[in-house]
file structure.cif (mmCIF, C-alpha atoms and all ligand atoms)
data_target
loop_
_atom_site.label_atom_id
_atom_site.label_comp_id
_atom_site.auth_asym_id
_atom_site.auth_seq_id
_atom_site.Cartn_x
_atom_site.Cartn_y
_atom_site.Cartn_z
CA MET A 1 20.00 8.47 15.98
CA LYS A 2 19.16 5.25 14.14
CA LYS A 3 17.31 5.18 10.87
CA VAL A 4 16.05 2.31 8.77
CA VAL A 5 16.04 3.15 5.08
CA LYS A 6 14.02 1.12 2.62
CA PHE A 7 14.52 1.62 -1.11
CA GLY A 8 11.87 0.57 -3.63
CA GLY A 9 12.44 -1.19 -6.94
CA SER A 10 12.63 1.91 -9.11
CA SER A 11 15.28 3.35 -6.75
CA LEU A 12 17.42 0.27 -7.43
CA ALA A 13 16.61 -0.47 -11.06
CA SER A 14 20.07 0.35 -12.45
CA ALA A 15 23.64 1.23 -11.45
CA LYS A 16 22.74 4.90 -11.89
CA GLN A 17 19.92 4.56 -9.36
CA PHE A 18 22.18 2.59 -6.97
CA LYS A 19 24.63 5.49 -7.01
CA LYS A 20 21.90 7.93 -5.98
CA VAL A 21 20.98 5.55 -3.18
CA GLY A 22 24.62 5.28 -2.10
CA ASP A 23 24.88 9.08 -1.92
CA ILE A 24 21.71 9.28 0.15
CA ILE A 25 22.92 6.66 2.62
CA ARG A 26 26.41 8.11 2.94
CA SER A 27 25.09 11.63 3.53
CA ASP A 28 23.60 10.67 6.91
CA LYS A 29 25.47 8.50 9.42
CA SER A 30 22.27 7.43 11.12
CA ARG A 31 21.14 5.54 7.99
CA ARG A 32 22.54 2.31 9.39
CA PHE A 33 20.02 -0.35 8.37
CA VAL A 34 19.14 -0.70 4.72
CA VAL A 35 16.23 -2.70 3.28
CA PRO A 36 16.34 -3.05 -0.51
CA SER A 37 13.63 -4.21 -2.92
CA ALA A 38 14.46 -6.11 -6.09
CA PRO A 39 15.41 -4.07 -9.17
CA GLY A 40 12.24 -2.54 -10.62
CA LYS A 41 11.46 -1.02 -14.00
CA ARG A 42 14.03 1.27 -15.66
CA ASN A 43 11.35 2.69 -17.94
CA ASP A 44 7.66 2.13 -18.75
CA LYS A 45 8.34 -0.80 -21.06
CA ASP A 46 10.77 -2.55 -18.73
CA GLU A 47 9.99 -5.50 -16.47
CA LYS A 48 10.44 -5.88 -12.72
CA VAL A 49 12.93 -8.54 -11.69
CA THR A 50 10.30 -9.99 -9.34
CA ASP A 51 7.92 -10.53 -12.28
CA LEU A 52 10.71 -12.13 -14.31
CA LEU A 53 11.47 -14.47 -11.42
CA TYR A 54 7.86 -15.62 -11.21
CA GLN A 55 7.81 -16.19 -14.99
CA CYS A 56 11.09 -18.06 -14.89
CA TYR A 57 10.04 -20.29 -12.02
CA ASP A 58 6.67 -21.12 -13.60
CA ALA A 59 8.39 -22.12 -16.83
CA ALA A 60 11.11 -24.16 -15.07
CA SER A 61 8.70 -26.00 -12.81
CA GLU A 62 6.38 -26.85 -15.71
CA GLY A 63 9.29 -28.25 -17.71
CA LYS A 64 9.16 -25.40 -20.24
CA SER A 65 12.18 -23.44 -21.46
CA TYR A 66 13.27 -20.96 -18.83
CA LYS A 67 16.96 -20.32 -19.58
CA LYS A 68 16.36 -17.11 -21.58
CA ILE A 69 14.42 -15.53 -18.72
CA LEU A 70 17.08 -16.57 -16.21
CA GLU A 71 19.75 -14.99 -18.41
CA LYS A 72 17.70 -11.81 -18.62
CA ILE A 73 17.58 -11.68 -14.81
CA GLN A 74 21.31 -12.33 -14.51
CA GLU A 75 21.99 -9.54 -17.03
CA ARG A 76 20.07 -7.09 -14.86
CA TYR A 77 22.41 -7.80 -11.94
CA THR A 78 25.53 -7.85 -14.10
CA GLU A 79 24.64 -4.43 -15.44
CA ILE A 80 24.34 -3.08 -11.90
CA ILE A 81 27.48 -4.79 -10.60
CA ASP A 82 29.59 -3.63 -13.57
CA GLY A 83 28.09 -0.15 -13.50
CA LEU A 84 29.12 0.17 -9.87
CA GLY A 85 32.59 -1.20 -10.60
CA LEU A 86 32.22 -3.98 -8.02
CA ASN A 87 34.27 -7.11 -7.96
CA LEU A 88 31.42 -9.50 -7.35
CA ASN A 89 30.67 -12.74 -9.11
CA MET A 90 27.13 -14.06 -8.81
CA ASP A 91 27.57 -17.20 -10.94
CA HIS A 92 27.37 -19.60 -7.99
CA GLU A 93 24.25 -17.84 -6.70
CA PHE A 94 22.56 -18.22 -10.07
CA ALA A 95 23.59 -21.87 -10.31
CA ALA A 96 21.99 -22.52 -6.90
CA ILE A 97 18.84 -20.63 -7.91
CA GLU A 98 18.53 -22.66 -11.12
CA GLU A 99 18.93 -25.91 -9.25
CA ASN A 100 16.34 -24.91 -6.66
CA PHE A 101 13.90 -23.85 -9.37
CA LEU A 102 14.22 -27.27 -11.01
CA ASN A 103 13.70 -28.88 -7.62
CA LYS A 104 10.50 -26.85 -7.23
CA ALA A 105 11.56 -24.79 -4.23
CA GLY A 106 8.34 -22.75 -4.52
CA ARG A 107 7.13 -19.51 -6.07
CA ASP A 108 7.87 -17.59 -2.87
CA TYR A 109 11.46 -18.78 -2.94
CA ALA A 110 11.67 -17.70 -6.58
CA ALA A 111 10.27 -14.22 -5.99
CA SER A 112 12.44 -13.65 -2.93
CA ARG A 113 15.67 -14.05 -4.92
CA GLY A 114 15.23 -10.57 -6.39
CA GLU A 115 15.65 -8.96 -2.97
CA TYR A 116 18.21 -11.53 -1.82
CA LEU A 117 20.59 -10.84 -4.72
CA ASN A 118 20.03 -7.09 -4.55
CA GLY A 119 20.85 -7.25 -0.84
CA ILE A 120 24.18 -8.90 -1.60
CA VAL A 121 25.01 -6.25 -4.20
CA MET A 122 23.96 -3.43 -1.91
CA ALA A 123 25.98 -4.74 1.05
CA GLU A 124 29.06 -5.04 -1.15
CA TYR A 125 28.57 -1.57 -2.57
CA LEU A 126 28.12 0.09 0.82
CA GLY A 127 30.55 -2.05 2.80
CA TYR A 128 27.71 -3.03 5.16
CA GLU A 129 27.10 -6.50 6.59
CA PHE A 130 24.60 -8.66 4.66
CA ILE A 131 21.98 -10.41 6.77
CA ASP A 132 19.74 -12.89 4.98
CA ALA A 133 16.13 -12.13 5.90
CA ALA A 134 15.46 -15.90 6.06
CA GLU A 135 17.56 -15.98 9.25
CA VAL A 136 15.74 -13.21 11.07
CA ILE A 137 12.17 -12.90 9.77
CA PHE A 138 9.79 -15.74 10.58
CA PHE A 139 6.46 -17.16 9.47
CA ASP A 140 4.48 -19.97 11.09
CA GLU A 141 3.35 -23.15 9.35
CA GLU A 142 0.21 -21.44 8.04
CA GLY A 143 2.36 -18.71 6.52
CA CYS A 144 1.35 -16.04 9.06
CA PHE A 145 4.03 -13.58 10.06
CA GLU A 146 5.41 -14.25 13.56
CA THR A 147 5.62 -10.86 15.17
CA GLU A 148 7.04 -11.68 18.60
CA LEU A 149 9.63 -14.20 17.52
CA THR A 150 10.87 -12.02 14.68
CA ASN A 151 11.08 -8.94 16.87
CA LYS A 152 13.13 -10.82 19.45
CA GLU A 153 15.53 -12.58 17.08
CA LEU A 154 15.96 -9.66 14.74
CA GLY A 155 16.47 -7.19 17.59
CA GLU A 156 19.05 -9.48 19.18
CA ARG A 157 20.94 -10.04 15.94
CA LEU A 158 21.00 -6.38 14.94
CA SER A 159 22.06 -5.20 18.40
CA HIS A 160 25.54 -6.55 17.62
CA VAL A 161 25.74 -4.97 14.20
CA GLU A 162 26.75 -1.43 13.37
CA LYS A 163 25.51 -1.31 9.78
CA ALA A 164 23.60 -3.93 7.81
CA VAL A 165 21.60 -4.67 4.69
CA ILE A 166 18.53 -6.86 5.20
CA PRO A 167 16.70 -7.73 1.96
CA GLY A 168 12.98 -6.92 1.94
CA PHE A 169 9.90 -8.96 1.07
CA TYR A 170 10.65 -12.38 2.57
CA GLY A 171 11.48 -14.51 5.57
CA SER A 172 11.29 -18.21 6.35
CA LYS A 173 9.07 -20.80 7.97
CA HIS A 174 10.46 -23.05 10.71
CA ASP A 175 11.28 -25.80 8.24
CA GLY A 176 13.43 -23.35 6.31
CA THR A 177 11.11 -22.79 3.33
CA ILE A 178 11.02 -19.25 2.08
CA LYS A 179 7.83 -17.25 2.45
CA THR A 180 7.17 -13.76 1.08
CA PHE A 181 4.80 -11.03 2.15
CA SER A 182 2.28 -9.95 -0.48
CA ARG A 183 3.51 -7.84 -3.40
CA GLY A 184 5.21 -4.62 -2.37
CA GLY A 185 6.12 -6.32 0.91
CA SER A 186 9.59 -4.81 1.30
CA ASP A 187 7.76 -1.88 2.89
CA VAL A 188 6.65 -4.30 5.60
CA THR A 189 10.19 -5.61 6.16
CA GLY A 190 11.44 -2.03 6.61
CA SER A 191 8.82 -1.42 9.24
CA ILE A 192 9.63 -4.68 11.07
CA VAL A 193 13.33 -3.80 11.14
CA ALA A 194 12.56 -0.29 12.40
CA LYS A 195 10.54 -1.73 15.26
CA ALA A 196 13.16 -4.34 16.19
CA ILE A 197 15.99 -1.81 16.51
CA HIS A 198 13.82 0.94 18.06
CA ALA A 199 14.65 3.25 15.19
CA ASP A 200 14.09 6.97 15.44
CA MET A 201 12.78 7.05 11.91
CA TYR A 202 11.76 4.70 9.12
CA GLU A 203 12.58 6.31 5.79
CA ASN A 204 10.82 4.78 2.82
CA TRP A 205 12.50 5.93 -0.40
CA THR A 206 10.51 5.69 -3.59
CA ASP A 207 10.00 7.61 -6.84
CA VAL A 208 7.49 10.20 -5.67
CA SER A 209 7.98 13.02 -3.19
CA GLY A 210 5.39 11.68 -0.77
CA PHE A 211 1.65 11.27 -0.63
CA LEU A 212 -0.20 13.63 -2.88
CA VAL A 213 -3.31 15.45 -1.76
CA SER A 214 -5.11 13.97 -4.73
CA ASP A 215 -4.67 11.70 -7.73
CA PRO A 216 -2.29 13.34 -10.26
CA ARG A 217 -4.28 11.76 -13.09
CA ILE A 218 -7.17 14.01 -12.08
CA ILE A 219 -5.43 17.04 -10.56
CA LYS A 220 -2.41 18.46 -12.37
CA ASN A 221 0.59 18.69 -10.02
CA PRO A 222 -1.28 18.22 -6.75
CA GLU A 223 0.37 19.38 -3.55
CA VAL A 224 2.33 16.91 -1.44
CA ILE A 225 0.95 16.11 2.02
CA GLU A 226 3.61 17.24 4.52
CA ILE A 227 2.36 15.36 7.52
CA ILE A 228 -0.40 12.79 7.86
CA THR A 229 -1.61 10.59 10.70
CA TYR A 230 -1.88 6.82 10.40
CA ARG A 231 -5.65 7.05 10.64
CA GLU A 232 -5.89 9.57 7.83
CA LEU A 233 -3.58 7.46 5.75
CA ARG A 234 -5.74 4.42 6.31
CA GLU A 235 -8.83 6.30 5.09
CA LEU A 236 -7.07 7.53 1.96
CA ALA A 237 -5.39 4.21 1.23
CA TYR A 238 -8.71 2.41 1.54
CA MET A 239 -10.10 4.72 -1.10
CA GLY A 240 -7.33 3.89 -3.50
CA ALA A 241 -4.41 6.24 -2.76
CA SER A 242 -1.34 3.99 -2.62
CA VAL A 243 2.34 4.57 -2.03
CA LEU A 244 3.00 2.31 0.91
CA HIS A 245 2.01 -1.34 1.55
CA GLU A 246 -1.03 -1.33 3.83
CA ASP A 247 0.56 -3.63 6.41
CA ALA A 248 3.68 -1.48 6.71
CA ILE A 249 2.15 0.79 9.28
CA PHE A 250 1.37 -1.84 11.92
CA PRO A 251 4.87 -2.66 13.28
CA VAL A 252 5.92 0.97 13.77
CA ARG A 253 2.59 2.56 14.56
CA LYS A 254 2.42 1.82 18.26
CA GLU A 255 6.15 2.34 18.76
CA GLY A 256 6.04 6.03 17.95
CA ILE A 257 8.37 5.60 14.98
CA PRO A 258 7.42 7.98 12.17
CA ILE A 259 7.59 6.90 8.54
CA ASN A 260 9.05 9.40 6.11
CA ILE A 261 8.21 8.84 2.45
CA ARG A 262 11.08 10.27 0.37
CA ASN A 263 12.01 10.56 -3.30
CA THR A 264 15.32 8.98 -4.37
CA ASN A 265 15.33 11.17 -7.47
CA LYS A 266 14.72 14.34 -5.46
CA PRO A 267 16.43 13.82 -2.10
CA GLU A 268 16.14 17.53 -1.32
CA ASP A 269 12.33 17.18 -1.02
CA LYS A 270 11.14 16.59 2.52
CA GLY A 271 8.48 14.09 1.50
CA THR A 272 5.57 13.05 3.68
CA LEU A 273 5.86 12.31 7.38
CA ILE A 274 3.42 9.70 8.71
CA VAL A 275 2.84 9.88 12.46
CA GLU A 276 0.52 8.46 15.12
CA SER A 277 -0.71 11.91 16.09
CA THR A 278 0.48 15.45 15.84
CA CYS A 279 -0.44 18.82 17.23
CA ARG A 280 1.11 20.48 14.20
CA LYS A 281 -1.66 22.39 12.45
CA PRO A 282 -2.37 21.04 8.99
CA ARG A 283 -1.65 23.48 6.18
CA TYR A 284 -5.13 23.04 4.78
CA THR A 285 -8.45 22.09 6.37
CA ILE A 286 -8.38 18.83 4.50
CA THR A 287 -5.44 16.45 4.25
CA GLY A 288 -6.39 14.52 1.14
CA ILE A 289 -9.08 13.49 -1.31
CA ALA A 290 -9.35 10.02 -2.76
CA GLY A 291 -12.08 7.99 -4.34
CA LYS A 292 -13.15 4.97 -6.32
CA LYS A 293 -15.62 4.30 -9.06
CA GLY A 294 -17.76 1.22 -9.61
CA PHE A 295 -20.28 1.09 -6.77
CA CYS A 296 -23.99 0.53 -6.79
CA SER A 297 -26.62 1.34 -4.22
CA ILE A 298 -29.59 -0.73 -3.14
CA ASN A 299 -32.25 1.47 -1.67
CA ILE A 300 -34.80 -0.30 0.54
CA GLU A 301 -37.94 1.47 1.64
CA LYS A 302 -40.59 0.36 4.12
CA ALA A 303 -43.08 2.41 6.10
CA MET A 304 -42.34 2.31 9.85
CA MET A 305 -38.92 0.74 9.23
CA ASN A 306 -37.54 2.68 12.18
CA ALA A 307 -39.75 0.76 14.62
CA GLU A 308 -38.79 -2.67 13.31
CA VAL A 309 -36.10 -4.18 15.51
CA GLY A 310 -33.53 -6.25 13.58
CA PHE A 311 -34.36 -4.75 10.17
CA GLY A 312 -30.76 -3.77 9.39
CA ARG A 313 -29.39 -7.11 10.52
CA LYS A 314 -31.84 -9.07 8.38
CA VAL A 315 -30.95 -7.02 5.30
CA LEU A 316 -27.21 -7.33 5.86
CA GLU A 317 -27.52 -11.07 6.41
CA VAL A 318 -28.74 -11.40 2.84
CA PHE A 319 -25.57 -9.69 1.59
CA GLU A 320 -23.45 -11.82 3.89
CA LYS A 321 -25.03 -14.99 2.52
CA TYR A 322 -23.68 -14.12 -0.93
CA GLY A 323 -20.27 -13.04 0.36
CA ILE A 324 -20.83 -9.38 -0.52
CA SER A 325 -19.32 -6.81 1.82
CA PHE A 326 -21.00 -3.45 2.16
CA GLU A 327 -19.15 -0.16 1.96
CA HIS A 328 -21.62 2.29 3.47
CA ILE A 329 -25.16 2.18 4.81
CA PRO A 330 -26.69 5.63 5.01
CA SER A 331 -30.23 5.45 6.37
CA GLY A 332 -33.37 7.55 6.73
CA ILE A 333 -36.50 7.03 8.81
CA ASP A 334 -38.14 4.64 6.38
CA THR A 335 -35.20 3.96 4.09
CA MET A 336 -31.94 2.15 4.24
CA THR A 337 -29.36 2.22 1.46
CA VAL A 338 -26.56 -0.28 1.05
CA PHE A 339 -23.52 0.64 -1.05
CA VAL A 340 -21.63 -2.30 -2.52
CA HIS A 341 -18.96 -2.90 -5.16
CA GLN A 342 -20.75 -3.31 -8.45
CA SER A 343 -18.38 -6.04 -9.63
CA GLU A 344 -19.05 -8.15 -6.51
CA PHE A 345 -22.77 -7.55 -6.60
CA GLU A 346 -23.79 -8.00 -10.23
CA GLU A 347 -23.63 -11.78 -10.29
CA PHE A 348 -25.97 -12.13 -7.29
CA GLU A 349 -28.18 -9.13 -7.95
CA GLN A 350 -31.49 -10.92 -8.43
CA SER A 351 -30.90 -13.41 -5.62
CA VAL A 352 -30.06 -10.59 -3.20
CA ILE A 353 -33.19 -8.64 -4.13
CA ALA A 354 -35.33 -11.75 -3.71
CA GLY A 355 -33.60 -12.43 -0.39
CA ILE A 356 -34.34 -8.91 0.87
CA HIS A 357 -38.00 -9.27 -0.10
CA ARG A 358 -38.22 -12.50 1.83
CA ALA A 359 -36.30 -11.23 4.85
CA VAL A 360 -37.97 -7.87 5.51
CA GLU A 361 -40.95 -7.50 3.13
CA PRO A 362 -40.05 -3.96 2.01
CA ASP A 363 -42.48 -1.62 0.20
CA PHE A 364 -39.98 -1.41 -2.61
CA VAL A 365 -36.32 -1.93 -3.50
CA GLU A 366 -34.57 0.32 -5.98
CA MET A 367 -31.08 0.09 -7.39
CA GLU A 368 -28.69 2.55 -8.92
CA SER A 369 -25.45 1.57 -10.58
CA ASP A 370 -22.29 3.35 -11.83
CA LEU A 371 -21.71 5.34 -8.69
CA ALA A 372 -18.44 6.64 -7.27
CA LEU A 373 -17.46 7.30 -3.68
CA ILE A 374 -15.16 10.15 -2.74
CA ALA A 375 -13.51 10.48 0.67
CA VAL A 376 -12.52 13.92 1.87
CA VAL A 377 -10.15 13.23 4.75
CA GLY A 378 -8.63 15.56 7.31
CA ARG A 379 -7.91 15.71 11.02
CA GLY A 380 -8.40 19.48 10.67
CA MET A 381 -12.10 19.12 9.88
CA LYS A 382 -13.09 18.46 13.47
CA ALA A 383 -12.01 21.89 14.58
CA THR A 384 -13.28 23.79 11.56
CA ARG A 385 -16.80 24.91 10.94
CA GLY A 386 -18.39 24.87 7.53
CA THR A 387 -16.31 22.14 5.88
CA ALA A 388 -19.34 20.19 4.71
CA GLY A 389 -20.96 23.42 3.57
CA ARG A 390 -17.95 24.33 1.47
CA ILE A 391 -17.78 20.90 -0.11
CA PHE A 392 -21.41 20.93 -1.14
CA SER A 393 -21.47 24.46 -2.44
CA ALA A 394 -18.34 23.68 -4.50
CA LEU A 395 -20.06 20.60 -5.91
CA ALA A 396 -23.24 22.55 -6.62
CA HIS A 397 -21.22 25.19 -8.50
CA SER A 398 -19.68 22.46 -10.61
CA ARG A 399 -23.14 21.03 -11.28
CA VAL A 400 -22.34 17.76 -9.57
CA ASN A 401 -25.37 16.00 -8.14
CA VAL A 402 -24.64 14.52 -4.70
CA LYS A 403 -26.20 11.08 -4.27
CA MET A 404 -25.08 10.29 -0.76
CA ILE A 405 -23.35 11.92 2.18
CA ASP A 406 -21.80 10.08 5.10
CA GLN A 407 -19.75 11.70 7.83
CA GLY A 408 -18.01 9.23 10.13
CA SER A 409 -18.40 9.85 13.85
CA SER A 410 -14.66 10.43 14.07
CA GLU A 411 -15.16 13.57 11.97
CA LEU A 412 -12.05 12.54 10.15
CA ASN A 413 -13.76 12.10 6.82
CA ILE A 414 -16.78 12.92 4.76
CA ILE A 415 -17.81 10.37 2.15
CA ILE A 416 -19.72 11.60 -0.85
CA GLY A 417 -21.46 9.46 -3.44
CA VAL A 418 -21.74 10.82 -6.98
CA LYS A 419 -22.29 9.36 -10.45
CA ASN A 420 -19.21 7.76 -12.01
CA SER A 421 -19.39 10.38 -14.76
CA ASP A 422 -19.17 13.22 -12.19
CA PHE A 423 -16.22 11.67 -10.32
CA GLU A 424 -13.34 13.69 -11.79
CA GLU A 425 -15.30 16.94 -11.79
CA ALA A 426 -16.24 16.46 -8.15
CA ILE A 427 -12.65 15.85 -7.07
CA LYS A 428 -11.48 18.92 -8.97
CA ALA A 429 -14.15 21.07 -7.35
CA ILE A 430 -13.19 19.91 -3.84
CA TYR A 431 -9.47 20.31 -4.51
CA ASP A 432 -10.03 23.82 -5.85
CA ILE A 433 -12.02 25.03 -2.90
CA PHE A 434 -9.72 23.61 -0.20
CA ILE A 435 -6.27 23.55 -1.70
CA ALA A 436 -5.93 25.70 -4.78
CA THR A 437 -7.77 28.66 -3.27
CA GLU A 438 -7.05 28.18 0.46
CA VAL A 439 -4.06 29.98 1.94
N1 LIG B 501 9.86 -6.96 -5.23
C1 LIG B 501 8.60 -7.20 -4.63
C2 LIG B 501 7.46 -6.77 -5.56
O1 LIG B 501 7.72 -6.39 -6.70
C3 LIG B 501 8.48 -6.61 -3.29
C4 LIG B 501 8.75 -5.13 -3.19
O2 LIG B 501 9.25 -4.51 -4.13
O3 LIG B 501 8.44 -4.55 -2.15
O4 LIG B 501 6.35 -6.83 -5.19
#
call {"tool": "encode", "arguments": {"input": "structure.cif", "output": "structure tokens", "more": "lines below"}}
Ligand code: ASP
result
Amino acid sequence: MKKVVKFGGSSLASAKQFKKVGDIIRSDKSRRFVVPSAPGKRNDKDEKVTDLLYQCYDAASEGKSYKKILEKIQERYTEIIDGLGLNLNMDHEFAAIEENFLNKAGRDYAASRGEYLNGIVMAEYLGYEFIDAAEVIFFDEEGCFETELTNKELGERLSHVEKAVIPGFYGSKHDGTIKTFSRGGSDVTGSIVAKAIHADMYENWTDVSGFLVSDPRIIKNPEVIEIITYRELRELAYMGASVLHEDAIFPVRKEGIPINIRNTNKPEDKGTLIVESTCRKPRYTITGIAGKKGFCSINIEKAMMNAEVGFGRKVLEVFEKYGISFEHIPSGIDTMTVFVHQSEFEEFEQSVIAGIHRAVEPDFVEMESDLALIAVVGRGMKATRGTAGRIFSALAHSRVNVKMIDQGSSELNIIIGVKNSDFEEAIKAIYDIFIATEV
């Protein structure tokens, strides 16, 4: 058994957290490849080391005073190193970092040092080999991740290693410059490492016990999703549920390597298992509910629209012209509605309306703003009758007016449009009917 274990910033924010991580790793021999993030926040008011590094670099490269921020960063590591009782001196590393900052080595280089230094500390603490991600994870000249090359080199390098720490978040271009993934990118590194070594499992350790069925700011203590497919996850993540970096699923997805989201502070919890597909019956008909506010709808009506070839294309071209992407397009016989993000749309509102008039000569165009979209997602819906019925009767009972309904052909989700002001109430009603009262 080979497992890749990635630990997020809050799991490595202090010596105390490092010790929990050490216990987790030592309790299972198969946890052989470790991918750390940079130290995160120790409490709500604290700062992430990555953010401090960006600040420090910006100040240094603009000729402003940066020394205080650099000291703050060094203190974070000293606290961890001393707290773990390690005999490790990072002075030369910090001297090199300072010099490179002054020589404008780049913001990506700066940000990557959080993971780099944490990797050194982690390797020392565990007695694992340290492998600099710059030597095994590659980007091309445009900054795009090089999948094939990385997989080959990384796989080759790790095949000779029993246990190693590979810092997350960054790699290098061919000229040696450091390049990072987008924020939260250590999740992606973990997935890349898991693929390269053909891991049996990619464990992603964070500060929650997995994906929650719904947003805890709306539902008090929502249930944890035990098992979820990549497709379901994608639907929920798109609607705003986030625990894992979006790109982290791609390397492992096709390899049949499951991702297990675990809680460093509650290692006894099983967390959420993310898989390509499963025949395990879901506990509830629905897997999760997520949603977003801030949409508006543009309702276009024209008699005999259904007979007009190219109508939809002409309308969408107008949106395309202004760089506005659409979210949903429910349609009727003589009507077509386009849902867009209000913030993207507002600036071009009048031009888009004028454009639609010119393009398709509609009978009228009507708009409604301050709408929310809610996605009810679940692989179990396909095999269950009455799901839509239950959703809408629950919403009716809660006096929520449904503005739009859209069921994807995959039958994996039902999207419901409601007023922004009904958003929380609608989610509660759906949660109650499927989770709180379903056994
Ligand atoms: N440290 C980086 C960030 O804060 C990457 C990561 O934690 O995954 O975004």
call {"tool": "closest_atom_pairs", "arguments": {"input": "structure.cif", "of": "chain A", "to": "ligand LIG 501 (chain B)", "cutoff": "12 Å", "atoms": "all atoms listed in the file", "output": "tab-separated table"}}
result
residue	atom	partner	partner_atom	distance
A:Lys6	CA	B:LIG501	O3	9.3
A:Phe7	CA	B:LIG501	O2	8.6
A:Gly8	CA	B:LIG501	O2	5.7
A:Gly9	CA	B:LIG501	O2	5.4
A:Ser10	CA	B:LIG501	O2	8.8
A:Ser11	CA	B:LIG501	O2	10.2
A:Leu12	CA	B:LIG501	O2	10.0
A:Ala13	CA	B:LIG501	O2	10.9
A:Val35	CA	B:LIG501	O3	9.7
A:Pro36	CA	B:LIG501	O2	8.1
A:Ser37	CA	B:LIG501	O2	4.6
A:Ala38	CA	B:LIG501	N1	4.8
A:Pro39	CA	B:LIG501	N1	7.4
A:Gly40	CA	B:LIG501	O1	7.1
A:Lys41	CA	B:LIG501	O1	9.8
A:Glu47	CA	B:LIG501	O1	10.1
A:Lys48	CA	B:LIG501	O1	6.6
A:Val49	CA	B:LIG501	N1	7.3
A:Thr50	CA	B:LIG501	N1	5.1
A:Asp51	CA	B:LIG501	O1	7.0
A:Leu52	CA	B:LIG501	O1	10.0
A:Leu53	CA	B:LIG501	N1	9.9
A:Tyr54	CA	B:LIG501	O1	10.3
A:Asp108	CA	B:LIG501	C1	10.6
A:Ala110	CA	B:LIG501	N1	11.0
A:Ala111	CA	B:LIG501	N1	7.3
A:Ser112	CA	B:LIG501	N1	7.5
A:Arg113	CA	B:LIG501	N1	9.2
A:Gly114	CA	B:LIG501	N1	6.6
A:Glu115	CA	B:LIG501	N1	6.5
A:Tyr116	CA	B:LIG501	N1	10.1
A:Leu117	CA	B:LIG501	N1	11.4
A:Asn118	CA	B:LIG501	N1	10.2
A:Gly119	CA	B:LIG501	N1	11.8
A:Pro167	CA	B:LIG501	O3	9.8
A:Gly168	CA	B:LIG501	O3	6.6
A:Phe169	CA	B:LIG501	C3	5.2
A:Tyr170	CA	B:LIG501	C3	8.5
A:Thr180	CA	B:LIG501	C3	8.5
A:Phe181	CA	B:LIG501	C3	7.9
A:Ser182	CA	B:LIG501	O4	7.0
A:Arg183	CA	B:LIG501	O4	3.5
A:Gly184	CA	B:LIG501	O3	3.2
A:Gly185	CA	B:LIG501	O3	4.2
A:Ser186	CA	B:LIG501	O3	3.6
A:Asp187	CA	B:LIG501	O3	5.7
A:Val188	CA	B:LIG501	O3	8.0
A:Thr189	CA	B:LIG501	O3	8.6
A:Gly190	CA	B:LIG501	O3	9.6
A:Ser191	CA	B:LIG501	O3	11.8
A:Asn204	CA	B:LIG501	O3	10.8
A:Trp205	CA	B:LIG501	O3	11.4
A:Thr206	CA	B:LIG501	O2	10.3
A:Val243	CA	B:LIG501	O3	11.0
A:Leu244	CA	B:LIG501	O3	9.3
A:His245	CA	B:LIG501	O3	8.1
A:Glu246	CA	B:LIG501	O3	11.7
A:Asp247	CA	B:LIG501	O3	11.7
A:Ala248	CA	B:LIG501	O3	10.5
call {"tool": "residues_around", "arguments": {"input": "structure.cif", "residues": "Leu154 of chain A", "least_positions_apart": "6", "cutoff": "8 Å", "atoms": "only C-alpha atoms", "output": "list in words"}}
result
Val136, Ile137, Val193 and Ala196 of chain A
call {"tool": "residues_around", "arguments": {"input": "structure.cif", "residues": "Met367 of chain A", "least_positions_apart": "3", "cutoff": "10 Å", "atoms": "only C-alpha atoms", "output": "PDB file with C-alpha atoms, in the frame of the given file"}}
result
ATOM      1  CA  CYS A 296     -23.990   0.530  -6.790  1.00  0.00           C
ATOM      2  CA  SER A 297     -26.620   1.340  -4.220  1.00  0.00           C
ATOM      3  CA  ILE A 298     -29.590  -0.730  -3.140  1.00  0.00           C
ATOM      4  CA  ASN A 299     -32.250   1.470  -1.670  1.00  0.00           C
ATOM      5  CA  ILE A 300     -34.800  -0.300   0.540  1.00  0.00           C
ATOM      6  CA  THR A 337     -29.360   2.220   1.460  1.00  0.00           C
ATOM      7  CA  VAL A 338     -26.560  -0.280   1.050  1.00  0.00           C
ATOM      8  CA  PHE A 339     -23.520   0.640  -1.050  1.00  0.00           C
ATOM      9  CA  GLU A 349     -28.180  -9.130  -7.950  1.00  0.00           C
ATOM     10  CA  ILE A 353     -33.190  -8.640  -4.130  1.00  0.00           C
TER      11      ILE A 353
END
call {"tool": "residues_around", "arguments": {"input": "structure.cif", "residues": "Ile427 of chain A", "least_positions_apart": "2", "cutoff": "12 Å", "atoms": "only C-alpha atoms", "output": "PyMOL selection string"}}
result
chain A and resi 213-220+222+288-292+372-376+391-392+394-395+398+400+415-418+420-425+429-435
call {"tool": "residues_around", "arguments": {"input": "structure.cif", "residues": "Thr278 of chain A", "least_positions_apart": "2", "cutoff": "9 Å", "atoms": "all atoms listed in the file", "output": "number ranges by chain"}}
result
A: 227-229, 275-276, 280-281
call {"tool": "residues_around", "arguments": {"input": "structure.cif", "residues": "Lys19 of chain A", "least_positions_apart": "6", "cutoff": "12 Å", "atoms": "only C-alpha atoms", "output": "short mmCIF file (atom, residue, chain, number, x, y, z; two decimals) with C-alpha atoms, in the coordinates of the input"}}
result
data_model
loop_
_atom_site.label_atom_id
_atom_site.label_comp_id
_atom_site.auth_asym_id
_atom_site.auth_seq_id
_atom_site.Cartn_x
_atom_site.Cartn_y
_atom_site.Cartn_z
CA SER A 11 15.28 3.35 -6.75
CA LEU A 12 17.42 0.27 -7.43
CA ALA A 13 16.61 -0.47 -11.06
CA ILE A 25 22.92 6.66 2.62
CA ARG A 26 26.41 8.11 2.94
CA ILE A 80 24.34 -3.08 -11.90
CA ILE A 81 27.48 -4.79 -10.60
CA GLY A 83 28.09 -0.15 -13.50
CA LEU A 84 29.12 0.17 -9.87
CA GLY A 85 32.59 -1.20 -10.60
CA MET A 122 23.96 -3.43 -1.91
CA TYR A 125 28.57 -1.57 -2.57
CA LEU A 126 28.12 0.09 0.82
CA THR A 264 15.32 8.98 -4.37
CA ASN A 265 15.33 11.17 -7.47
#
